[in-house]
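Undergrad: My file is data00.csv. It has CSV, C-alpha atoms:
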chain,number,residue,atom,x,y,z
A,1,MET,CA,-120.7,130.5,5.6
A,2,ALA,CA,-120.3,127.0,4.1
A,3,ARG,CA,-121.9,126.1,0.8
A,4,GLY,CA,-125.2,124.2,1.1
A,5,VAL,CA,-125.9,125.5,4.6
A,6,HIS,CA,-129.4,126.9,4.8
A,7,ILE,CA,-130.3,129.1,7.8
A,8,GLU,CA,-134.0,129.8,8.2
A,9,LEU,CA,-135.0,132.8,10.2
A,10,HIS,CA,-138.5,133.0,11.6
A,11,TYR,CA,-140.1,136.3,12.4
A,12,CYS,CA,-143.5,137.6,13.5
A,13,PRO,CA,-144.8,140.5,11.5
A,14,ILE,CA,-146.6,143.1,13.6
A,15,PRO,CA,-150.1,143.8,12.3
A,16,THR,CA,-151.6,147.3,12.6
A,17,ARG,CA,-153.5,148.2,15.7
A,18,SER,CA,-156.9,148.2,13.9
A,19,CYS,CA,-156.2,144.8,12.2
A,20,MET,CA,-155.1,143.3,15.6
A,21,ARG,CA,-158.2,144.6,17.3
A,22,LEU,CA,-160.5,143.3,14.6
A,23,ARG,CA,-158.9,139.8,14.5
A,24,LEU,CA,-158.9,139.5,18.3
A,25,GLN,CA,-162.7,140.3,18.3
A,26,LYS,CA,-163.4,137.8,15.4
A,27,GLY,CA,-161.4,135.1,17.1
A,28,THR,CA,-158.8,134.6,14.3
A,29,TYR,CA,-156.1,135.9,16.7
A,30,ALA,CA,-155.6,135.0,20.3
A,31,LEU,CA,-153.3,136.3,23.0
A,32,THR,CA,-151.9,133.4,25.0
A,33,PRO,CA,-149.0,133.0,27.5
A,34,ILE,CA,-146.7,132.1,24.6
A,35,GLY,CA,-147.6,135.2,22.6
A,36,LEU,CA,-149.8,136.0,19.7
A,37,GLU,CA,-151.5,133.1,17.9
A,38,SER,CA,-153.3,132.9,14.7
A,39,ARG,CA,-156.1,130.5,13.7
A,40,CYS,CA,-155.7,128.5,10.5
A,41,SER,CA,-158.7,129.0,8.2
A,42,ARG,CA,-158.5,125.4,7.0
A,43,CYS,CA,-157.9,123.2,10.1
A,44,ARG,CA,-159.2,125.8,12.6
A,45,GLU,CA,-156.3,125.2,15.0
A,46,THR,CA,-154.3,128.1,16.5
A,47,TRP,CA,-150.6,128.3,16.0
A,48,PRO,CA,-148.0,131.0,16.9
A,49,ALA,CA,-148.4,133.9,14.4
A,50,ASP,CA,-144.9,133.7,12.9
A,51,THR,CA,-143.2,132.4,9.8
A,52,GLU,CA,-142.4,129.0,11.4
A,53,PHE,CA,-146.1,128.0,11.1
A,54,PHE,CA,-147.5,130.4,8.4
A,55,HIS,CA,-146.0,131.5,5.1
A,56,SER,CA,-145.2,135.2,4.8
A,57,GLN,CA,-147.6,137.1,2.6
A,58,PRO,CA,-146.6,140.7,2.3
A,59,GLY,CA,-149.8,141.8,0.6
A,60,SER,CA,-152.0,140.7,3.5
A,61,ALA,CA,-152.9,143.0,6.4
A,62,THR,CA,-151.2,140.7,8.9
A,63,GLY,CA,-148.2,139.8,6.7
A,64,LEU,CA,-149.0,136.1,7.0
A,65,SER,CA,-151.0,133.6,5.1
A,66,SER,CA,-154.3,132.6,6.5
A,67,ILE,CA,-153.6,128.9,6.0
A,68,CYS,CA,-150.9,127.1,8.1
A,69,LYS,CA,-147.9,125.5,6.4
A,70,ALA,CA,-149.1,122.0,7.3
A,71,CYS,CA,-152.5,122.5,5.6
A,72,ARG,CA,-150.9,124.3,2.7
A,73,SER,CA,-148.6,121.3,2.0
A,74,GLU,CA,-151.5,118.9,2.3
A,75,TRP,CA,-153.5,121.0,-0.2
A,76,ARG,CA,-150.5,121.1,-2.6
A,77,ALA,CA,-150.2,117.3,-2.4
A,78,GLU,CA,-153.9,116.8,-3.1
A,79,ARG,CA,-153.6,119.1,-6.2
A,80,ARG,CA,-150.4,117.3,-7.4
A,81,ASN,CA,-151.9,113.8,-7.0
A,82,PRO,CA,-155.7,114.0,-7.5
A,83,PRO,CA,-157.6,110.9,-6.4
A,84,GLN,CA,-158.2,108.5,-9.3
A,85,ILE,CA,-161.9,108.3,-10.3
A,86,ARG,CA,-163.0,104.8,-11.1
A,87,GLU,CA,-165.7,104.3,-13.8
A,88,ALA,CA,-168.6,102.1,-12.9
A,89,ALA,CA,-168.5,98.9,-14.8
What does this structure look like when you write it as structure tokens?

TA:
Amino acid sequence: MARGVHIELHYCPIPTRSCMRLRLQKGTYALTPIGLESRCSRCRETWPADTEFFHSQPGSATGLSSICKACRSEWRAERRNPPQIREAA
């Protein structure tokens, strides 16, 4: 493999049966023609439940973060560059 080449592998962790059933009932998971999708807890949009759209989080029941990568990057940018507060003159 050449130096500087980064290969990113995406995977879909398989949640336990009870976790899957509970999340399907609550609406945080959805079975669609493209496969299992998870709803982002921040933007409320559904995305495929894999590491292309959600960060892996081994400690969680699903193995994925509850916030999608796009929302997480926006959140980080907001924390890095907080809006400037103007003082009233």

Undergrad: Which residue is closest to Gly59 (chain A)? Choose from A:Gln25, A:Pro15, A:Met20, A:Arg39 and count only C-alpha atoms.

TA: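 Of A:Gln25, A:Pro15, A:Met20, A:Arg39, the one nearest Gly59 (chain A), counting only C-alpha atoms, is A:Pro15.
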
Undergrad: Expressed in Å to a single decimal, how great is the separation between CA of Ser66 (chain A) and CA of Leu24 (chain A)?

TA: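 Taking CA of Ser66 (chain A) as the start and CA of Leu24 (chain A) as the end point, the length is 14.4 Å.
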
Undergrad: For region 52-54 of chain A, work out the shell of residues within 6 Å, counting only C-alpha atoms and skipping chain neighbours fewer than 3 positions away, then give it as number ranges by chain.

TA: A: 10, 65, 68-69

Undergrad: With only C-alpha atoms as the basis for distance, which of A:Cys43, A:Ala77, A:Leu36, A:Ile67 is at the shortest distance from Pro13 (chain A)?

TA: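 Closest candidate: A:Leu36.
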
Undergrad: Just checking: using all atoms listed in the file, which residue out of A:Ala70, A:Arg42, A:Leu64, A:Arg79 ends up closest to Ile14 (chain A)?

TA: A:Leu64

Undergrad: Can you tell me how far CA of Ser73 (chain A) sits from CA of Gly35 (chain A), in Å to one decimal?

TA: 24.9 Å

Undergrad: What gap, in Å, lies between CA of Ile34 (chain A) and CA of Thr46 (chain A)?

TA: 11.8 Å

Undergrad: Using all atoms listed in the file, can you tell me which of A:Cys40, A:Ala49, A:Ile85, A:Leu22 comes closest to Gly63 (chain A)?

TA: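 Comparing A:Cys40, A:Ala49, A:Ile85, A:Leu22 against Gly63 (chain A), the winner is A:Ala49.
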